[in-house]
$ cat input-v9.txt   # compact mmCIF, C-alpha atoms
# COMPACT_ATOMS: atom_id res chain seq x y z
CA MET A 9 -43.59 -2.31 -20.63
CA LEU A 10 -46.31 -0.09 -22.03
CA THR A 11 -48.56 -2.99 -22.84
CA LEU A 12 -47.91 -4.38 -19.39
CA LEU A 13 -48.88 -1.08 -17.79
CA ALA A 14 -51.93 -0.78 -19.97
CA ALA A 15 -53.00 -4.29 -19.17
CA GLU A 16 -52.58 -3.71 -15.48
CA ALA A 17 -54.37 -0.40 -15.66
CA ALA A 18 -57.27 -2.02 -17.40
CA GLU A 19 -57.29 -4.74 -14.83
CA GLU A 20 -56.88 -2.58 -11.70
CA GLY A 21 -58.49 0.62 -12.88
CA HIS A 22 -55.43 2.81 -12.37
CA ASN A 23 -54.00 4.48 -15.41
CA PRO A 24 -51.00 6.68 -14.51
CA ILE A 25 -51.50 8.90 -17.54
CA ILE A 26 -55.03 9.87 -16.54
CA PRO A 27 -54.99 12.44 -13.73
CA ALA A 28 -57.27 12.09 -10.72
CA TRP A 29 -59.48 15.16 -10.63
CA GLU A 30 -59.16 15.40 -6.84
CA GLU A 31 -55.42 15.72 -7.23
CA ILE A 32 -55.86 18.38 -9.90
CA VAL A 33 -57.95 20.39 -7.45
CA VAL A 34 -55.46 19.90 -4.63
CA GLY A 35 -52.51 20.74 -6.90
CA SER A 36 -54.20 23.85 -8.28
CA VAL A 37 -55.15 25.14 -4.85
CA ALA A 38 -51.74 24.40 -3.33
CA PHE A 39 -49.90 25.99 -6.24
CA ALA A 40 -52.25 28.99 -6.22
CA VAL A 41 -51.60 29.54 -2.52
CA LEU A 42 -47.87 29.27 -3.12
CA CYS A 43 -48.02 31.70 -6.04
CA PHE A 44 -50.13 34.16 -4.11
CA VAL A 45 -47.86 34.29 -1.09
CA LEU A 46 -44.54 34.30 -2.92
CA MET A 47 -45.53 36.65 -5.74
CA LYS A 48 -47.28 39.09 -3.45
CA PHE A 49 -45.13 39.18 -0.34
CA VAL A 50 -41.68 37.85 -1.19
CA PHE A 51 -40.46 38.49 -4.72
CA PRO A 52 -41.59 42.13 -5.08
CA GLN A 53 -39.81 42.70 -1.79
CA MET A 54 -36.69 41.13 -3.27
CA GLU A 55 -36.86 43.33 -6.36
CA LYS A 56 -37.18 46.32 -4.06
CA THR A 57 -34.12 45.21 -2.11
CA PHE A 58 -32.16 44.70 -5.33
CA ARG A 59 -33.11 48.20 -6.47
CA ALA A 60 -32.23 49.67 -3.08
CA ARG A 61 -28.87 47.93 -3.26
CA VAL A 62 -28.16 49.31 -6.74
CA ASP A 63 -29.30 52.73 -5.56
CA ALA A 64 -27.04 52.53 -2.54
CA ILE A 65 -24.01 51.68 -4.66
CA GLU A 66 -24.72 54.06 -7.52
CA GLY A 67 -25.88 56.76 -5.12
CA GLY A 68 -22.63 56.41 -3.16
CA ILE A 69 -20.60 56.79 -6.33
CA LYS A 70 -22.68 59.75 -7.42
CA ARG A 71 -22.37 61.43 -4.03
CA ALA A 72 -18.61 60.91 -4.05
CA GLU A 73 -18.42 62.38 -7.53
CA ALA A 74 -20.48 65.37 -6.47
CA ALA A 75 -18.25 65.92 -3.43
CA GLN A 76 -15.17 65.64 -5.62
CA ALA A 77 -16.57 68.15 -8.08
CA GLU A 78 -17.46 70.52 -5.28
CA ALA A 79 -13.99 70.22 -3.80
CA ASN A 80 -12.43 70.89 -7.19
CA GLU A 81 -14.63 73.92 -7.65
CA LEU A 82 -13.72 75.24 -4.23
CA LEU A 83 -10.03 74.68 -4.93
CA GLU A 84 -10.37 76.54 -8.21
CA GLN A 85 -12.21 79.32 -6.45
CA TYR A 86 -9.55 79.58 -3.75
CA ARG A 87 -6.84 79.63 -6.36
CA ALA A 88 -8.61 82.39 -8.24
CA GLN A 89 -9.08 84.34 -5.04
CA LEU A 90 -5.44 83.87 -4.12
CA ALA A 91 -4.27 85.08 -7.53
CA GLU A 92 -6.62 88.03 -7.27
CA ALA A 93 -5.32 88.86 -3.82
CA ARG A 94 -1.76 88.67 -5.10
CA THR A 95 -2.38 91.03 -7.99
CA GLU A 96 -4.31 93.29 -5.62
CA ALA A 97 -1.38 93.34 -3.21
CA ALA A 98 1.05 94.06 -6.03
CA ARG A 99 -1.20 96.82 -7.26
CA ILE A 100 -1.46 98.34 -3.77
CA ARG A 101 2.30 98.14 -3.35
CA ASP A 102 2.85 99.85 -6.69
CA GLU A 103 0.36 102.50 -5.82
CA ALA A 104 1.97 103.09 -2.44
CA ARG A 105 5.34 103.34 -4.09
CA ALA A 106 3.97 105.79 -6.63
CA ASP A 107 2.29 107.76 -3.85
CA ALA A 108 5.45 107.90 -1.83
CA GLU A 109 7.39 109.10 -4.86
CA GLY A 110 4.73 111.71 -5.55
CA ILE A 111 4.78 112.90 -1.99
CA ARG A 112 8.54 113.10 -2.01
CA GLN A 113 8.45 115.05 -5.26
CA ASP A 114 5.81 117.33 -3.80
CA VAL A 115 7.74 117.96 -0.66
CA LEU A 116 10.89 118.58 -2.61
CA ALA A 117 9.19 120.96 -4.97
CA LYS A 118 7.60 122.80 -2.10
CA ALA A 119 10.90 123.06 -0.28
CA ARG A 120 12.61 124.29 -3.39
CA GLU A 121 9.90 126.82 -4.00
CA GLU A 122 10.08 127.95 -0.37
CA SER A 123 13.80 128.37 -0.55
CA ASP A 124 13.49 130.23 -3.85
CA ARG A 125 10.89 132.46 -2.32
CA ILE A 126 13.02 133.15 0.72
CA ILE A 127 16.04 133.91 -1.45
CA ALA A 128 14.00 136.16 -3.70
CA ALA A 129 12.54 137.98 -0.71
CA GLY A 130 16.05 138.47 0.70
CA ASN A 131 17.34 139.75 -2.60
CA GLU A 132 14.50 142.19 -2.96
CA GLN A 133 14.89 143.45 0.56
CA LEU A 134 18.57 143.85 -0.05
CA ALA A 135 17.96 145.77 -3.27
CA THR A 136 15.40 148.03 -1.60
CA GLN A 137 17.74 148.78 1.28
CA ARG A 138 20.49 149.45 -1.15
CA GLN A 139 18.29 151.81 -3.13
CA SER A 140 17.22 153.71 -0.04
CA ILE A 141 20.79 153.89 1.22
CA VAL A 142 21.95 155.11 -2.18
CA ARG A 143 19.18 157.67 -2.24
CA GLU A 144 19.97 158.88 1.26
CA LEU A 145 23.65 158.94 0.52
CA ARG A 146 23.07 160.85 -2.72
CA ALA A 147 21.01 163.45 -0.93
CA GLU A 148 23.53 163.68 1.86
CA VAL A 149 26.53 163.77 -0.49
CA GLY A 150 24.84 166.53 -2.47
CA THR A 151 24.09 168.53 0.61
CA LEU A 152 27.55 167.94 2.02
CA ALA A 153 29.21 168.90 -1.22
CA VAL A 154 27.11 172.04 -1.57
CA ASP A 155 27.76 172.92 2.02
CA LEU A 156 31.44 172.28 1.54
CA ALA A 157 31.61 174.20 -1.68
CA GLY A 158 29.59 177.03 -0.14
CA LYS A 159 31.95 177.23 2.74
CA ILE A 160 34.92 177.18 0.40
CA VAL A 161 33.62 179.55 -2.15
CA GLY A 162 31.39 181.61 0.09
CA GLU A 163 28.48 183.39 -1.29
CA ALA A 164 30.01 183.56 -4.79
CA LEU A 165 28.17 180.82 -6.12
CA ALA A 166 24.82 181.86 -4.95
CA ASP A 167 23.25 181.56 -8.33
CA GLU A 168 21.07 178.64 -7.65
CA ALA A 169 20.50 177.49 -11.12
CA ARG A 170 24.05 177.11 -11.86
CA THR A 171 24.80 175.49 -8.61
CA ARG A 172 22.21 172.79 -9.22
CA GLY A 173 23.59 171.97 -12.58
CA THR A 174 27.07 171.66 -11.31
CA VAL A 175 26.09 169.52 -8.42
CA GLU A 176 23.97 167.27 -10.59
CA ARG A 177 26.75 166.69 -13.00
CA PHE A 178 29.14 165.99 -10.15
CA ILE A 179 26.92 163.42 -8.62
CA ALA A 180 26.32 161.74 -11.97
CA ASP A 181 30.02 161.42 -12.35
CA LEU A 182 30.28 160.10 -8.85
CA ASP A 183 27.46 157.71 -9.65
CA THR A 184 29.02 156.29 -12.74
CA ALA A 185 32.35 156.00 -11.01
CA GLY A 186 30.61 154.41 -8.00
CA THR A 187 28.67 151.88 -10.01
CA ALA A 188 31.66 150.97 -12.13
CA GLY A 189 33.69 150.49 -8.98
CA GLY A 190 30.94 148.86 -6.92
CA ARG A 191 30.09 146.17 -9.36
CA MET B 4 -37.49 -5.59 8.64
CA ILE B 5 -37.61 -9.22 7.63
CA ALA B 6 -41.38 -9.28 7.77
CA GLN B 7 -41.54 -6.07 5.79
CA SER B 8 -39.12 -7.44 3.26
CA VAL B 9 -41.29 -10.49 2.84
CA VAL B 10 -44.32 -8.30 2.35
CA LEU B 11 -42.50 -6.03 -0.10
CA ALA B 12 -40.94 -8.95 -1.88
CA ALA B 13 -44.37 -10.35 -2.39
CA GLU B 14 -45.16 -7.28 -4.43
CA PHE B 15 -42.24 -7.76 -6.78
CA PRO B 16 -42.12 -6.70 -9.58
CA PRO B 17 -43.37 -3.17 -8.74
CA SER B 18 -46.47 -2.04 -10.57
CA VAL B 19 -48.53 1.07 -11.13
CA GLU B 20 -50.45 0.18 -8.01
CA ASP B 21 -47.39 1.10 -5.95
CA PHE B 22 -48.15 4.72 -6.84
CA TYR B 23 -51.70 4.55 -5.55
CA LEU B 24 -51.35 4.14 -1.83
CA PRO B 25 -54.35 3.90 0.47
CA SER B 26 -55.50 7.31 1.63
CA ILE B 27 -54.66 8.76 5.03
CA LEU B 28 -58.07 10.26 5.69
CA PRO B 29 -60.21 8.25 5.76
CA TRP B 30 -57.53 5.81 6.85
CA GLY B 31 -56.83 3.03 4.40
CA ALA B 32 -59.52 3.88 1.85
CA HIS B 33 -58.76 3.10 -1.77
CA ASP B 34 -59.46 5.42 -4.67
CA ASN B 35 -59.91 8.36 -2.33
CA TYR B 36 -57.45 11.04 -3.33
CA TRP B 37 -58.30 14.03 -1.16
CA PHE B 38 -55.86 13.33 1.64
CA THR B 39 -53.21 10.82 0.66
CA LYS B 40 -49.49 10.61 1.12
CA ILE B 41 -49.20 12.43 -2.21
CA THR B 42 -51.42 15.40 -1.39
CA PHE B 43 -49.97 15.57 2.11
CA LEU B 44 -46.48 15.86 0.60
CA VAL B 45 -47.66 18.62 -1.73
CA TRP B 46 -49.00 20.61 1.19
CA VAL B 47 -45.83 20.04 3.19
CA ALA B 48 -43.71 21.23 0.25
CA VAL B 49 -45.87 24.32 -0.24
CA ALA B 50 -45.78 25.11 3.47
CA ALA B 51 -42.02 24.61 3.60
CA ILE B 52 -41.41 26.98 0.67
CA ILE B 53 -43.75 29.62 2.07
CA ILE B 54 -42.28 29.44 5.55
CA PHE B 55 -38.71 29.49 4.28
CA PHE B 56 -39.23 32.55 2.10
CA LEU B 57 -41.38 34.45 4.57
CA VAL B 58 -39.01 33.82 7.46
CA SER B 59 -35.86 34.56 5.53
CA TYR B 60 -37.36 37.66 3.92
CA ARG B 61 -39.17 39.03 6.94
CA LYS B 62 -36.76 41.88 7.43
CA PRO B 63 -34.76 42.36 4.24
CA GLU B 64 -31.55 44.29 4.64
CA LEU B 65 -29.17 45.81 2.15
CA VAL B 66 -26.39 43.64 3.49
CA PRO B 67 -28.13 40.26 3.59
CA THR B 68 -27.97 37.73 6.35
CA LYS B 69 -27.03 34.19 5.35
CA ARG B 70 -30.61 32.99 5.05
CA GLN B 71 -31.71 36.09 3.20
CA TRP B 72 -28.78 35.57 0.87
CA ILE B 73 -29.89 32.00 0.12
CA ALA B 74 -33.44 33.14 -0.63
CA GLU B 75 -32.11 35.92 -2.84
CA SER B 76 -29.77 33.51 -4.62
CA ILE B 77 -32.65 31.21 -5.53
CA TYR B 78 -34.68 34.08 -6.89
CA GLY B 79 -31.64 35.65 -8.52
CA PHE B 80 -30.75 32.37 -10.21
CA VAL B 81 -34.16 31.99 -11.83
CA ARG B 82 -34.44 35.71 -12.51
CA ASN B 83 -31.06 36.19 -14.18
CA ASN B 84 -30.21 32.74 -15.53
CA ILE B 85 -33.64 31.73 -16.76
CA ALA B 86 -36.04 34.67 -17.04
CA VAL B 87 -33.67 37.38 -18.27
CA GLU B 88 -31.51 34.95 -20.20
CA MET B 89 -34.44 33.48 -22.12
CA ILE B 90 -36.90 36.35 -22.38
CA GLY B 91 -34.66 39.40 -22.17
CA PRO B 92 -35.17 42.52 -20.05
CA LYS B 93 -38.95 41.93 -20.08
CA GLY B 94 -38.31 38.62 -18.37
CA VAL B 95 -37.99 40.30 -14.99
CA ALA B 96 -41.78 40.54 -14.90
CA PHE B 97 -42.01 36.76 -15.23
CA ALA B 98 -39.28 35.98 -12.72
CA PRO B 99 -41.62 35.74 -9.68
CA TYR B 100 -43.85 33.18 -11.37
CA LEU B 101 -40.93 31.21 -12.79
CA THR B 102 -39.23 31.10 -9.39
CA THR B 103 -42.43 29.90 -7.74
CA LEU B 104 -42.80 27.26 -10.42
CA PHE B 105 -39.19 26.18 -10.05
CA MET B 106 -39.43 25.89 -6.28
CA PHE B 107 -42.71 23.98 -6.44
CA VAL B 108 -41.39 21.49 -8.98
CA ILE B 109 -37.99 20.96 -7.41
CA LEU B 110 -39.31 20.48 -3.88
CA ASN B 111 -42.06 18.10 -4.96
CA ASN B 112 -39.55 16.20 -7.08
CA PHE B 113 -37.27 16.07 -4.11
CA TRP B 114 -39.73 13.96 -2.14
CA GLY B 115 -38.71 11.16 -4.49
CA ILE B 116 -35.37 10.68 -2.75
CA VAL B 117 -36.10 11.87 0.78
CA PRO B 118 -35.49 8.84 3.00
CA PHE B 119 -38.66 7.15 4.32
CA VAL B 120 -40.78 9.24 1.93
CA GLN B 121 -39.37 8.38 -1.48
CA LEU B 122 -42.45 9.16 -3.51
CA SER B 123 -42.69 12.30 -5.58
CA PRO B 124 -46.11 13.91 -6.03
CA ASN B 125 -44.98 14.72 -9.54
CA SER B 126 -45.11 10.98 -10.33
CA HIS B 127 -48.88 11.53 -10.40
CA ILE B 128 -49.58 13.32 -13.66
CA ALA B 129 -52.23 15.56 -12.13
CA PHE B 130 -49.64 17.96 -10.67
CA PRO B 131 -47.39 18.32 -13.72
CA ALA B 132 -50.58 18.66 -15.78
CA VAL B 133 -51.79 21.59 -13.69
CA LEU B 134 -48.43 23.33 -14.09
CA ALA B 135 -48.30 22.60 -17.81
CA VAL B 136 -51.80 23.99 -18.34
CA ILE B 137 -50.84 27.17 -16.47
CA SER B 138 -47.73 27.55 -18.66
CA TYR B 139 -49.83 26.87 -21.78
CA VAL B 140 -52.50 29.41 -20.91
CA MET B 141 -49.87 31.90 -19.83
CA PHE B 142 -47.82 31.89 -23.01
CA ILE B 143 -50.89 32.12 -25.23
CA TYR B 144 -52.34 34.92 -23.10
CA VAL B 145 -49.05 36.81 -23.14
CA GLY B 146 -48.79 36.43 -26.91
CA ILE B 147 -52.34 37.66 -27.51
CA ARG B 148 -51.90 40.58 -25.14
CA LYS B 149 -48.69 41.59 -26.89
CA HIS B 150 -49.73 41.19 -30.53
CA GLY B 151 -53.51 40.96 -30.54
CA PHE B 152 -55.44 37.78 -31.30
CA PHE B 153 -55.00 37.46 -35.05
CA LYS B 154 -51.48 38.76 -35.32
CA TYR B 155 -50.34 36.42 -32.56
CA PHE B 156 -51.76 33.35 -34.25
CA LYS B 157 -50.44 34.54 -37.60
CA ASN B 158 -46.95 34.85 -36.05
CA ALA B 159 -47.23 31.54 -34.31
CA LEU B 160 -48.68 29.52 -37.17
CA ILE B 161 -47.33 31.00 -40.39
CA PRO B 162 -43.56 30.71 -40.65
CA PRO B 163 -41.71 32.82 -43.22
CA ALA B 164 -41.64 30.22 -45.93
CA PRO B 165 -42.62 30.00 -49.62
CA GLY B 166 -46.39 29.86 -50.12
CA PHE B 167 -46.54 26.42 -51.67
CA ILE B 168 -45.15 24.74 -48.53
CA LEU B 169 -47.42 26.56 -46.08
CA PRO B 170 -50.27 24.01 -46.26
CA LEU B 171 -47.78 21.54 -44.89
CA LEU B 172 -46.12 23.84 -42.37
CA ILE B 173 -49.19 25.39 -40.75
CA PRO B 174 -50.60 22.09 -39.44
CA ILE B 175 -47.15 21.12 -38.21
CA GLU B 176 -46.71 24.43 -36.41
CA PHE B 177 -50.18 24.17 -34.91
CA PHE B 178 -49.53 20.63 -33.79
CA SER B 179 -46.15 21.39 -32.23
CA ASN B 180 -47.04 24.75 -30.69
CA PHE B 181 -50.58 24.27 -29.46
CA LEU B 182 -51.12 20.55 -29.06
CA VAL B 183 -47.85 18.92 -28.14
CA ARG B 184 -46.38 21.59 -25.90
CA PRO B 185 -48.56 21.23 -22.78
CA PHE B 186 -48.66 17.49 -23.17
CA SER B 187 -44.89 17.09 -23.54
CA LEU B 188 -44.27 19.49 -20.69
CA ALA B 189 -46.48 17.50 -18.32
CA VAL B 190 -45.45 14.05 -19.48
CA ARG B 191 -41.72 14.80 -19.41
CA LEU B 192 -41.81 15.70 -15.74
CA PHE B 193 -44.30 13.02 -14.78
CA ALA B 194 -42.49 10.25 -16.64
CA ASN B 195 -39.13 11.14 -15.16
CA MET B 196 -40.46 11.04 -11.63
CA PHE B 197 -42.50 7.94 -12.32
CA ALA B 198 -39.56 6.11 -13.86
CA GLY B 199 -37.27 7.21 -11.07
CA HIS B 200 -39.59 5.76 -8.48
CA ILE B 201 -39.98 2.54 -10.44
CA LEU B 202 -36.19 2.24 -10.75
CA LEU B 203 -35.65 2.64 -7.03
CA LEU B 204 -38.42 0.15 -6.35
CA VAL B 205 -36.96 -2.39 -8.78
CA PHE B 206 -33.52 -2.30 -7.26
CA THR B 207 -34.63 -2.17 -3.63
CA LEU B 208 -37.41 -4.73 -3.89
CA GLY B 209 -35.34 -6.82 -6.27
CA GLY B 210 -32.73 -7.19 -3.54
CA PHE B 211 -35.35 -8.42 -1.10
CA ALA B 212 -36.87 -10.69 -3.72
CA MET B 213 -33.54 -12.34 -4.47
CA ILE B 214 -32.46 -12.78 -0.88
CA SER B 215 -35.77 -14.30 0.08
CA ALA B 216 -35.76 -16.57 -2.97
CA ASN B 217 -32.33 -18.00 -2.21
CA PRO B 218 -29.91 -16.96 0.61
CA LEU B 219 -27.01 -17.67 -1.73
CA LEU B 220 -28.05 -14.67 -3.78
CA ALA B 221 -27.29 -12.34 -0.85
CA PRO B 222 -24.23 -10.74 -2.52
CA VAL B 223 -26.32 -9.89 -5.55
CA SER B 224 -28.90 -8.37 -3.24
CA VAL B 225 -26.27 -6.23 -1.63
CA LEU B 226 -25.11 -5.13 -5.07
CA SER B 227 -28.70 -4.35 -5.93
CA TRP B 228 -29.12 -2.18 -2.83
CA ALA B 229 -25.84 -0.43 -3.48
CA LEU B 230 -27.07 0.32 -6.96
CA SER B 231 -30.27 1.72 -5.53
CA ILE B 232 -28.17 4.13 -3.49
CA ALA B 233 -26.23 5.10 -6.61
CA LEU B 234 -29.52 5.54 -8.44
CA THR B 235 -30.68 7.86 -5.69
CA PHE B 236 -27.82 10.16 -6.61
CA LEU B 237 -28.80 9.86 -10.25
CA GLU B 238 -32.34 10.73 -9.20
CA PHE B 239 -31.04 13.82 -7.48
CA LEU B 240 -29.55 14.92 -10.79
CA VAL B 241 -32.80 14.18 -12.61
CA ILE B 242 -34.81 16.07 -9.99
CA CYS B 243 -32.81 19.25 -10.40
CA LEU B 244 -32.59 18.88 -14.16
CA GLN B 245 -36.33 18.34 -14.64
CA ALA B 246 -37.24 21.30 -12.45
CA TYR B 247 -34.81 23.41 -14.46
CA VAL B 248 -36.07 22.08 -17.79
CA PHE B 249 -39.71 22.72 -16.89
CA THR B 250 -38.92 26.31 -15.91
CA VAL B 251 -36.69 26.96 -18.90
CA LEU B 252 -39.26 25.59 -21.33
CA THR B 253 -42.00 27.73 -19.82
CA ALA B 254 -39.73 30.77 -20.16
CA SER B 255 -38.89 29.75 -23.71
CA TYR B 256 -42.58 29.49 -24.66
CA VAL B 257 -43.22 32.93 -23.20
CA GLN B 258 -40.25 34.26 -25.12
CA GLY B 259 -41.59 32.73 -28.32
CA ALA B 260 -44.96 34.33 -27.72
CA LEU B 261 -43.39 37.72 -27.08
CA ALA B 262 -41.03 37.57 -30.06
CA ASP B 263 -41.97 39.88 -32.90
CA GLU B 264 -41.31 37.54 -35.80
CA HIS B 265 -39.96 34.07 -36.29
$ encode --input "input-v9.txt" --output "structure tokens"
Amino acid sequence: MLTLLAAEAAEEGHNPIIPAWEEIVVGSVAFAVLCFVLMKFVFPQMEKTFRARVDAIEGGIKRAEAAQAEANELLEQYRAQLAEARTEAARIRDEARADAEGIRQDVLAKAREESDRIIAAGNEQLATQRQSIVRELRAEVGTLAVDLAGKIVGEALADEARTRGTVERFIADLDTAGTAGGR
Amino acid sequence: MIAQSVVLAAEFPPSVEDFYLPSILPWGAHDNYWFTKITFLVWVAVAAIIIFFLVSYRKPELVPTKRQWIAESIYGFVRNNIAVEMIGPKGVAFAPYLTTLFMFVILNNFWGIVPFVQLSPNSHIAFPAVLAVISYVMFIYVGIRKHGFFKYFKNALIPPAPGFILPLLIPIEFFSNFLVRPFSLAVRLFANMFAGHILLLVFTLGGFAMISANPLLAPVSVLSWALSIALTFLEFLVICLQAYVFTVLTASYVQGALADEH
């Protein structure tokens, strides 16, 4: 086969293994044009699209993750706030209870004090009145007794000094008897 | 059809001359290669690829349309299954060139089985040779840029072997890496397309030759034509495979040039 081809090539002048230079030029130019157009306008564009696609997918995942994280954070925050509000409410309730108790105690104490004061004032007034009544009565009883004795005895007992002593003694007796009986 | 068959049958068996058709402009001239069926097909293939990609990628969207998806699949196939697979993460930078190469080779190969055309430009060695030279220059350039001139050639030529065997190994490495590679790359593609065309010619023209030699041979002719249809499917396989092999080998050479050690 090879010898046949070689013989024919020698005879006809066409050897298939020797390139025609015109075809080399045409092939080079055609392939160069093809390379230029495809490698400049098409394939870089494709790489860009591939990257954009990857970005779109990965970006979507990343955004979703970020949103999830944010939601979790918010939830945590709300929970914390809720717990805080609860403890705050409990604290306020306790305080109010304590306040109310304090106020009650205060009012009670004040009322007790007031009543004590009123009672004391009454007692004192009573004692004072009693004292003044006793004093008046003593003076009156003395006078009455002297008058009575004077009328009974007449002028016999005019010695003043003696009279006073007698009367004093009498009243003291009366007094002791009175207090023993009165109390 | 009969007249044509007679004419074609007269040319049986097919020869190298069947690959050198008269030129289109000027019409019918021989040995004028500027505007022939071959070069015309190359331009049509280039135009078709450019138009397809530009139209389908005019307005790229995140959610691709069907045509955009097809264009992306072609690029993605070469990018992920050839460039990244062979070269690694750095291969992405080579993906545009490899995809262009793949498209150019596969479409020009494809002319070999397109009805009424049935002649691949790659059955003329000039086109595979251009591509092979580009691959050759590219992998050497990439290697030198990565390692520097001397270190690259040291890596490429001196395998990690005992010193006494190096005088034998260095010429072999030089021969296989820097002499055979571009040649084998070009010839593999060219020969496959050339042989494919010859095969189709043999079975098609053989049918005509037999039926015109003796009408009793008609059943054999029919068998011959049926086989030529079957061979067209085989050619389709070869077309895709050779485009893939050319691209993979280019990527593999680049990978070898970029590799740190052996």
$ interface_residues --input "input-v9.txt" --of "chain B" --to "chain A" --cutoff "9 Å" --atoms "only C-alpha atoms" --output "ChimeraX atom specification"
/B:18-20,22-23,35-37,41-42,45-46,49-50,52-53,56-57,60-61,63-66,75,78,98-100,102-104,107,126-134,190,193,197
$ atom_distance --input "input-v9.txt" --atom1 "CA of Glu176 (chain B)" --atom2 "CA of Leu192 (chain B)"
23.0 Å
$ residues_around --input "input-v9.txt" --residues "Ala153 (chain A)" --least-positions-apart "6" --cutoff "10 Å" --atoms "all atoms listed in the file" --output "number ranges by chain"
A: 147, 159, 175, 178-179
$ residues_near_point --input "input-v9.txt" --point "(-36.7, 35.8, -15.8)" --cutoff "10 Å" --atoms "all atoms listed in the file" --output "number ranges by chain"
B: 78-102, 250-251, 254
$ write_last_selection --input "input-v9.txt" --atoms "C-alpha atoms" --output "compact mmCIF listing (two decimals), in the frame of the given file"
# COMPACT_ATOMS: atom_id res chain seq x y z
CA TYR B 78 -34.68 34.08 -6.89
CA GLY B 79 -31.64 35.65 -8.52
CA PHE B 80 -30.75 32.37 -10.21
CA VAL B 81 -34.16 31.99 -11.83
CA ARG B 82 -34.44 35.71 -12.51
CA ASN B 83 -31.06 36.19 -14.18
CA ASN B 84 -30.21 32.74 -15.53
CA ILE B 85 -33.64 31.73 -16.76
CA ALA B 86 -36.04 34.67 -17.04
CA VAL B 87 -33.67 37.38 -18.27
CA GLU B 88 -31.51 34.95 -20.20
CA MET B 89 -34.44 33.48 -22.12
CA ILE B 90 -36.90 36.35 -22.38
CA GLY B 91 -34.66 39.40 -22.17
CA PRO B 92 -35.17 42.52 -20.05
CA LYS B 93 -38.95 41.93 -20.08
CA GLY B 94 -38.31 38.62 -18.37
CA VAL B 95 -37.99 40.30 -14.99
CA ALA B 96 -41.78 40.54 -14.90
CA PHE B 97 -42.01 36.76 -15.23
CA ALA B 98 -39.28 35.98 -12.72
CA PRO B 99 -41.62 35.74 -9.68
CA TYR B 100 -43.85 33.18 -11.37
CA LEU B 101 -40.93 31.21 -12.79
CA THR B 102 -39.23 31.10 -9.39
CA THR B 250 -38.92 26.31 -15.91
CA VAL B 251 -36.69 26.96 -18.90
CA ALA B 254 -39.73 30.77 -20.16
$ atom_distance --input "input-v9.txt" --atom1 "CA of Gln76 (chain A)" --atom2 "CA of Ala93 (chain A)"
25.3 Å
$ atom_distance --input "input-v9.txt" --atom1 "CA of Gln121 (chain B)" --atom2 "CA of Leu237 (chain B)"
13.8 Å
$ closest_residue --input "input-v9.txt" --among "B:Leu261, B:Ala74, B:Val136, B:Leu208" --to "Arg148 (chain B)" --atoms "all atoms listed in the file"
B:Leu261
$ decode --input "input-v9.txt" --residues "region 108-118 of chain B" --atoms "N, CA and C atoms" --output "tab-separated table (two decimals), in the first residue's frame"
chain	number	residue	atom	x	y	z
B	108	VAL	N	-11.27	20.39	15.48
B	108	VAL	CA	-10.94	19.05	14.98
B	108	VAL	C	-12.21	18.26	14.72
B	109	ILE	N	-13.13	18.28	15.68
B	109	ILE	CA	-14.29	17.39	15.53
B	109	ILE	C	-15.16	17.85	14.37
B	110	LEU	N	-15.31	19.17	14.20
B	110	LEU	CA	-16.18	19.60	13.10
B	110	LEU	C	-15.54	19.35	11.74
B	111	ASN	N	-14.23	19.58	11.66
B	111	ASN	CA	-13.56	19.30	10.38
B	111	ASN	C	-13.53	17.82	10.09
B	112	ASN	N	-13.36	17.00	11.14
B	112	ASN	CA	-13.46	15.55	10.94
B	112	ASN	C	-14.84	15.18	10.42
B	113	PHE	N	-15.82	15.88	10.97
B	113	PHE	CA	-17.20	15.49	10.71
B	113	PHE	C	-17.57	15.63	9.24
B	114	TRP	N	-16.85	16.53	8.54
B	114	TRP	CA	-17.14	16.66	7.10
B	114	TRP	C	-16.95	15.32	6.39
B	115	GLY	N	-16.16	14.44	6.97
B	115	GLY	CA	-15.89	13.15	6.33
B	115	GLY	C	-17.11	12.28	6.16
B	116	ILE	N	-18.14	12.48	6.98
B	116	ILE	CA	-19.34	11.64	6.84
B	116	ILE	C	-20.59	12.44	6.54
B	117	VAL	N	-20.46	13.75	6.36
B	117	VAL	CA	-21.64	14.52	6.00
B	117	VAL	C	-22.04	14.14	4.58
B	118	PRO	N	-23.29	13.75	4.36
B	118	PRO	CA	-23.70	13.33	3.02
B	118	PRO	C	-23.42	14.42	1.98
